[in-house]
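Trainee: Let me begin by handing over the structure; questions about it come next.
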Amino acid sequence: MKCLISCTYNMDTCCVELKFSDGSMIDIDTIAVENEAAKNMYQRSELDYLIYNDPVGYADLILNGDPENYLKTVTEYKPLD
């Protein structure tokens, strides 16, 4: 892969699409990521925020980071006991 040309969220396919200068593409299925990584609605909300507001950051988190650890760190979940 070469340089990243574009990174957008496609609402029709629910995928974050990355296009590179060498013609290669990566599609990240956001529903599958949420089903695997997010354990509650707060974590899903954080992923949705990244998808819509920072798709490059979202792609970097999924491809190079640890999404489960990230979600545990940034979300605060307090059950209504």
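Simple scheme: letters A, B, ... for chains in structure tokens order, numbers from 1 for residues in each chain, numbers from 1 for ligands in the order shown.
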From a DSSP pass on the backbone, collect the residues of chain A flagged as helix (DSSP H, G or I) and hand them back as a ChimeraX atom specification.

Mentor: /A:30-37,41-53,55-64,67-74

Trainee: Among chain A, which residues carry a DSSP assignment of strand (DSSP E), reported as a list in words?

Mentor: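 Residues meeting the strand (DSSP E) criterion: Leu4, Ile5, Ser6, Cys7, Thr8, Tyr9, Asn10, Cys15, Val16, Glu17, Leu18, Lys19, Phe20, Met25, Ile26, Asp27, Ile28 and Asp29 of chain A.
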
Trainee: Met11 (chain A): which residues within 12 Å, counting only C-alpha atoms, same-chain residues fewer than 6 positions away excluded, as a PyMOL selection string?

Mentor: chain A and resi 17+29-31+48+51-52

Trainee: As a PyMOL selection string, please: the residues near Tyr42 (chain A) (cut-off 9 Å, only C-alpha atoms, same-chain neighbours under 3 positions excluded).

Mentor: chain A and resi 38-39+45-47+71+75-77

Trainee: Do you have the CA of Asp66 (chain A)-CA of Val16 (chain A) distance handy?

Mentor: 17.3 Å

Trainee: Find the residue from A:Ala59, A:Ala37, A:Leu18, A:Asp54 that sits nearest to Lys72 (chain A); use only C-alpha atoms when measuring.

Mentor: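 Nearest candidate to Lys72 (chain A) out of A:Ala59, A:Ala37, A:Leu18, A:Asp54: A:Ala37.
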
Trainee: Which residue, A:Arg44, A:Val56, A:Ile62, A:Ser6, has the smallest gap to Ile28 (chain A) when you use only C-alpha atoms?

Mentor: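 With only C-alpha atoms as the atom set, the closest residue is A:Ile62.
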
Trainee: Please report the interatomic distance between CA of Gly65 (chain A) and CA of Ile5 (chain A) in Å with one decimal.

Mentor: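 It comes out at 20.7 Å.
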
Trainee: How far is it from CA of Thr8 (chain A) to CA of Asn69 (chain A), in Å with one decimal?

Mentor: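 Calculated distance between CA of Thr8 (chain A) and CA of Asn69 (chain A) is 24.1 Å.
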
Trainee: Nearest residue to Cys14 (chain A) out of A:Glu36, A:Glu68, A:Asp27, A:Asp60, using only C-alpha atoms?

Mentor: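 Closest residue, counting only C-alpha atoms: A:Asp27.
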